[in-house]
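Chemist: Quick one: the structure is below, questions incoming.
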Amino acid sequence: EIYTLSLHDALPISRAIIDWTDYDTQQFAPVVTPGSTTTGGGPSSGSGGGAEAYSYDGGRDPYKARDNFYDTLEEVNLVRGVGDAFWSTFGELFTVYGGCQINVGAIPPEKWPIMAAIIRYAAKDPTNPVLLDDLQVAAIAQRILGLMQMTGGAVVQNVTQLVNFINNPEQAMQNMMTGNGSSNSSSSSSSSSSSSSGQGALGIQLDTNKANQVMVMQARRIYRLDAVGTIERTRDKKIQVHIRGIWDSEHMNQNTTSNDPNDLKGTWVYWRQD
């Protein structure tokens with residue numbers, strides 16, 4: 001059974017996820033810019049929605065919201081509203097590392113719901129009926145990620161090119177064949193025919209400014225290790241070991257004692273062995 005989340009349920013869970021990590025004790029309330037539903041504006045962070053009242057300390061094992069950065073992805077399970085059904089559906093799509101923008105160049109094709117969410121957020125026309133059809137949005141997201149993987153970054157090298165690619169994929173492919181794919185505005189003139197309908201060749205068009213708010217395209221920075229093994233203590237005693245770690249390849253090490261310049265960058269930001 002597929003777990004679905006209505007807008008009525010999604011809003012309080014999203015608010016609780018933010019309130020767990022923000023520094024204040026006020027409930028998060030988005031500040032919506034004027035015209036955000038029609039002109040491409042978007043919500044910015046804010047507070048002032050009343051005091052946080054999630055009753056984390058009211059159970060048999062009381063605890064408090066961290067009001068700071070998440071240490072681990074598993075910590076999201078402590079947030080009000082995040083249950084087993086929610087986690088089994090969305091957990092593999094989350095990360096608490098690497099900043100607040102999605103590195104779309106690192107999204108594997110099987111994680112297409114991330115691209116689907118970006119499409120829905122950054123759509124130039126939020127009233128486009130395509131956005132209400134889960135199958136169409138899924139197909140568009142899968143096609144985009146599949147073509148990006150197939151071309152190996154030759155067509156899409158930055159967010160602006162990705163928007164052009166979504167708005168007019170045929171022209172983007174033609175630019176690759178003619179050697180014009182490196183220009184940010186390579187399809188700006190030729191995309192006018194598809195933009196005139198407000199839908200584009202894939203049935204949807206994205207707003208460049210909104211897209212840049214939520215995603216970047218860059219080399220992969222964060223790597224996750226998840227390994228299971230067996231340690232043989234004696235002939236008759238074996239221990240099952242589960243190791244989970246997060247490696248940040250861009251972290252600058254300030255106090256390293258190594259003389260190797262390669263040791264100045266990169267570190268484990270999380271390591272757990274069970």
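Ligands are numbered from 1 in the order shown, residues from 1 within each chain, and chains are lettered A, B, ... in the order they appear in the structure tokens.
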Give me every strand (DSSP E or B) residue in segment 54-257 of chain A, going by DSSP on the backbone, as a PyMOL selection string.

Modeler: chain A and resi 102-103+123+206+215-216+222-232+238-252

Chemist: Within 7 Å of segment 128-146 of chain A, which residues of segment 60-117 of chain A show up? Give each one with its shortest atom-to-atom distance in Å (one decimal) and the two atoms involved, counting only C-alpha atoms, rows by chain then rising residue number, as a tab-separated table.

Modeler:
residue	atom	partner	partner_atom	distance
A:Pro109	CA	A:Leu145	CA	5.4
A:Trp112	CA	A:Gln142	CA	5.6
A:Met115	CA	A:Ala141	CA	5.4
A:Ala116	CA	A:Ala141	CA	5.3

Chemist: If I take atom CA of Ile13 of chain A and atom CA of Phe86 of chain A, how far is one from the other in Å, to one decimal?

Modeler: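 A separation of 9.9 Å between them.
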
Chemist: Would you mind telling me which residue in A:Met252, A:Ile239, A:Ala65, A:Val214 lies nearest to Lys265 of chain A when using only C-alpha atoms?

Modeler: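 The answer is A:Met252, which sits nearest to Lys265 of chain A.
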
Chemist: In terms of the shortest atom-to-atom distance over only C-alpha atoms, which of A:Asn212, A:Thr178, A:Thr127, A:Thr230 is closest to Val159 of chain A?

Modeler: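 Closest residue, counting only C-alpha atoms: A:Asn212.
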
Chemist: Which residues are close to Tyr63 of chain A, i.e. within 12 Å by only C-alpha atoms, leaving aside same-chain residues fewer than 2 positions away? Reply as a ChimeraX atom specification.

Modeler: /A:20,54-61,65-66,78-80

Chemist: Please produce an output containing N, CA and C atoms for each residue in the selection, written as an mmCIF file, in the first residue's frame.

Modeler:
data_model
loop_
_atom_site.group_PDB
_atom_site.id
_atom_site.type_symbol
_atom_site.label_atom_id
_atom_site.label_comp_id
_atom_site.auth_asym_id
_atom_site.auth_seq_id
_atom_site.Cartn_x
_atom_site.Cartn_y
_atom_site.Cartn_z
ATOM 1 N N TRP A 20 11.713 21.779 14.720
ATOM 2 C CA TRP A 20 12.665 20.958 15.464
ATOM 3 C C TRP A 20 14.073 21.547 15.394
ATOM 4 N N TYR A 54 4.379 20.875 20.804
ATOM 5 C CA TYR A 54 4.375 19.536 20.222
ATOM 6 C C TYR A 54 4.340 18.432 21.281
ATOM 7 N N SER A 55 4.420 18.813 22.564
ATOM 8 C CA SER A 55 4.280 17.863 23.684
ATOM 9 C C SER A 55 5.277 16.712 23.597
ATOM 10 N N TYR A 56 6.521 17.023 23.179
ATOM 11 C CA TYR A 56 7.536 15.972 23.154
ATOM 12 C C TYR A 56 7.859 15.464 24.554
ATOM 13 N N ASP A 57 7.615 16.307 25.558
ATOM 14 C CA ASP A 57 7.932 15.928 26.936
ATOM 15 C C ASP A 57 6.730 15.334 27.663
ATOM 16 N N GLY A 58 5.675 15.013 26.919
ATOM 17 C CA GLY A 58 4.469 14.500 27.567
ATOM 18 C C GLY A 58 4.320 12.997 27.513
ATOM 19 N N GLY A 59 5.254 12.298 26.897
ATOM 20 C CA GLY A 59 5.154 10.850 26.785
ATOM 21 C C GLY A 59 5.879 10.120 27.884
ATOM 22 N N ARG A 60 5.955 8.790 27.731
ATOM 23 C CA ARG A 60 6.621 7.976 28.750
ATOM 24 C C ARG A 60 8.124 8.214 28.748
ATOM 25 N N ASP A 61 8.687 8.520 27.565
ATOM 26 C CA ASP A 61 10.110 8.853 27.457
ATOM 27 C C ASP A 61 10.226 10.285 26.939
ATOM 28 N N ALA A 65 12.663 19.237 21.739
ATOM 29 C CA ALA A 65 13.120 19.540 20.390
ATOM 30 C C ALA A 65 14.545 20.060 20.451
ATOM 31 N N ARG A 66 15.338 19.748 19.450
ATOM 32 C CA ARG A 66 16.752 20.123 19.485
ATOM 33 C C ARG A 66 16.947 21.632 19.372
ATOM 34 N N LEU A 78 12.037 11.562 15.350
ATOM 35 C CA LEU A 78 11.579 12.093 16.625
ATOM 36 C C LEU A 78 10.575 13.217 16.464
ATOM 37 N N VAL A 79 10.410 13.713 15.241
ATOM 38 C CA VAL A 79 9.545 14.860 14.982
ATOM 39 C C VAL A 79 8.075 14.436 14.995
ATOM 40 N N ARG A 80 7.248 15.282 15.568
ATOM 41 C CA ARG A 80 5.812 15.011 15.623
ATOM 42 C C ARG A 80 5.240 14.810 14.219
#

Chemist: Identify, on the basis of only C-alpha atoms, every residue whose closest approach to Ala106 of chain A does not exceed 10 Å; exclude the query and any residue fewer than 5 positions from it along the same chain; express the result as a CSV table (one decimal) with N, CA and C atoms, in the first residue's frame.

Modeler:
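selection.csv, written as the output of this step:
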chain,number,residue,atom,x,y,z
A,111,LYS,N,15.3,8.1,-7.6
A,111,LYS,CA,14.8,9.1,-6.7
A,111,LYS,C,14.1,10.2,-7.4
A,145,LEU,N,15.5,13.1,-15.5
A,145,LEU,CA,16.7,12.4,-14.9
A,145,LEU,C,17.3,11.4,-15.8
A,149,GLN,N,21.2,11.6,-17.1
A,149,GLN,CA,22.1,10.5,-16.9
A,149,GLN,C,22.7,10.0,-18.2
A,216,VAL,N,20.8,23.4,-6.9
A,216,VAL,CA,22.1,23.8,-7.5
A,216,VAL,C,22.6,22.6,-8.4
A,217,MET,N,23.6,22.8,-9.2
A,217,MET,CA,24.3,21.8,-9.9
A,217,MET,C,25.8,21.9,-9.7
A,218,GLN,N,26.3,20.9,-9.0
A,218,GLN,CA,27.8,21.0,-8.7
A,218,GLN,C,28.2,19.5,-8.4
A,219,ALA,N,29.5,19.4,-8.3
A,219,ALA,CA,30.1,18.1,-8.0
A,219,ALA,C,29.6,17.5,-6.7
A,220,ARG,N,29.4,16.2,-6.6
A,220,ARG,CA,28.9,15.6,-5.4
A,220,ARG,C,29.9,15.9,-4.2
A,221,ARG,N,29.3,16.3,-3.1
A,221,ARG,CA,30.0,16.7,-1.9
A,221,ARG,C,29.8,15.7,-0.8
A,222,ILE,N,28.6,15.3,-0.5
A,222,ILE,CA,28.3,14.4,0.6
A,222,ILE,C,28.1,13.0,0.2

Chemist: Given the choices A:Asp248, A:Gly81, A:Met215, A:Arg235, which gets closest to Trp271 of chain A if the distance is worked out from only C-alpha atoms?

Modeler: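 Closest residue, counting only C-alpha atoms: A:Asp248.
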
Chemist: Using only C-alpha atoms, can you tell me which of A:Lys124, A:Arg233, A:Lys238, A:His251 comes closest to Ile204 of chain A?

Modeler: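 Of A:Lys124, A:Arg233, A:Lys238, A:His251, the one nearest Ile204 of chain A, counting only C-alpha atoms, is A:Lys124.
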
Chemist: Can you list, as number ranges by chain, every protein, DNA or RNA residue that comes within 10 Å of Thr267 of chain A when you count only C-alpha atoms, leaving out same-chain residues fewer than 3 positions away?

Modeler: A: 246-253, 263-264, 270

Chemist: Using only all heavy atoms, please write the residues we just selected to a file, as a short mmCIF file (atom, residue, chain, number, x, y, z; two decimals), in the first residue's frame.

Modeler:
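See selection02.cif below for the written result:
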data_model
loop_
_atom_site.label_atom_id
_atom_site.label_comp_id
_atom_site.auth_asym_id
_atom_site.auth_seq_id
_atom_site.Cartn_x
_atom_site.Cartn_y
_atom_site.Cartn_z
N ILE A 246 28.79 9.46 7.36
CA ILE A 246 28.59 10.53 6.39
C ILE A 246 29.94 11.22 6.17
O ILE A 246 30.57 11.70 7.12
CB ILE A 246 27.56 11.56 6.88
CG1 ILE A 246 26.22 10.88 7.16
CG2 ILE A 246 27.39 12.68 5.86
CD1 ILE A 246 25.54 10.31 5.94
N TRP A 247 30.38 11.27 4.91
CA TRP A 247 31.65 11.88 4.56
C TRP A 247 31.39 13.19 3.81
O TRP A 247 30.68 13.22 2.81
CB TRP A 247 32.47 10.93 3.68
CG TRP A 247 33.76 11.51 3.19
CD1 TRP A 247 33.99 12.12 1.98
CD2 TRP A 247 35.01 11.55 3.90
NE1 TRP A 247 35.30 12.51 1.89
CE2 TRP A 247 35.95 12.18 3.06
CE3 TRP A 247 35.41 11.10 5.15
CZ2 TRP A 247 37.28 12.39 3.43
CZ3 TRP A 247 36.74 11.31 5.53
CH2 TRP A 247 37.65 11.94 4.67
N ASP A 248 31.95 14.28 4.32
CA ASP A 248 31.86 15.59 3.67
C ASP A 248 33.20 15.87 2.99
O ASP A 248 34.20 16.15 3.66
CB ASP A 248 31.54 16.67 4.71
CG ASP A 248 31.34 18.05 4.09
OD1 ASP A 248 31.67 18.23 2.89
OD2 ASP A 248 30.84 18.95 4.79
N SER A 249 33.22 15.79 1.67
CA SER A 249 34.47 15.91 0.93
C SER A 249 35.00 17.34 0.86
O SER A 249 36.15 17.55 0.50
CB SER A 249 34.29 15.37 -0.50
OG SER A 249 33.31 16.12 -1.20
N GLU A 250 34.17 18.33 1.25
CA GLU A 250 34.61 19.73 1.17
C GLU A 250 34.90 20.34 2.54
O GLU A 250 35.28 21.50 2.63
CB GLU A 250 33.53 20.57 0.47
CG GLU A 250 33.33 20.22 -1.00
CD GLU A 250 34.57 20.49 -1.84
OE1 GLU A 250 35.25 21.50 -1.58
OE2 GLU A 250 34.88 19.69 -2.73
N HIS A 251 34.74 19.58 3.60
CA HIS A 251 35.00 20.10 4.94
C HIS A 251 36.50 20.41 5.08
O HIS A 251 37.35 19.57 4.78
CB HIS A 251 34.58 19.09 6.00
CG HIS A 251 34.83 19.55 7.40
ND1 HIS A 251 33.90 20.29 8.10
CD2 HIS A 251 35.90 19.38 8.23
CE1 HIS A 251 34.40 20.55 9.31
NE2 HIS A 251 35.60 20.01 9.41
N MET A 252 36.81 21.62 5.56
CA MET A 252 38.20 22.03 5.74
C MET A 252 38.64 21.69 7.17
O MET A 252 38.03 22.14 8.14
CB MET A 252 38.36 23.53 5.48
CG MET A 252 38.01 23.95 4.07
SD MET A 252 38.99 23.11 2.79
CE MET A 252 40.65 23.65 3.22
N ASN A 253 39.69 20.90 7.28
CA ASN A 253 40.20 20.49 8.59
C ASN A 253 41.22 21.51 9.09
O ASN A 253 42.27 21.71 8.47
CB ASN A 253 40.84 19.10 8.47
CG ASN A 253 39.86 18.06 7.98
OD1 ASN A 253 38.74 17.99 8.46
ND2 ASN A 253 40.26 17.25 7.01
N ASP A 263 44.97 15.75 3.20
CA ASP A 263 44.27 15.58 4.47
C ASP A 263 43.67 16.87 4.99
O ASP A 263 43.01 16.88 6.03
CB ASP A 263 45.23 15.02 5.53
CG ASP A 263 45.65 13.58 5.23
OD1 ASP A 263 44.90 12.91 4.49
OD2 ASP A 263 46.72 13.15 5.70
N LEU A 264 43.88 17.96 4.28
CA LEU A 264 43.32 19.24 4.71
C LEU A 264 41.83 19.35 4.41
O LEU A 264 41.14 20.20 4.98
CB LEU A 264 44.06 20.39 4.03
CG LEU A 264 45.54 20.57 4.41
CD1 LEU A 264 46.16 21.68 3.58
CD2 LEU A 264 45.67 20.88 5.90
N TYR A 270 29.69 12.20 10.52
CA TYR A 270 28.87 11.31 11.34
C TYR A 270 29.40 9.90 11.18
O TYR A 270 29.76 9.46 10.09
CB TYR A 270 27.41 11.38 10.87
CG TYR A 270 26.50 10.40 11.57
CD1 TYR A 270 26.18 10.54 12.91
CD2 TYR A 270 25.93 9.33 10.87
CE1 TYR A 270 25.34 9.63 13.56
CE2 TYR A 270 25.08 8.42 11.52
CZ TYR A 270 24.79 8.59 12.86
OH TYR A 270 23.96 7.70 13.48
#

Chemist: Mind checking which residues fall within 8 Å of Ala211 of chain A, counting only C-alpha atoms, ignoring those fewer than 6 positions away in the same chain, and posting them as a PyMOL selection string?

Modeler: chain A and resi 118+121-122+159+163
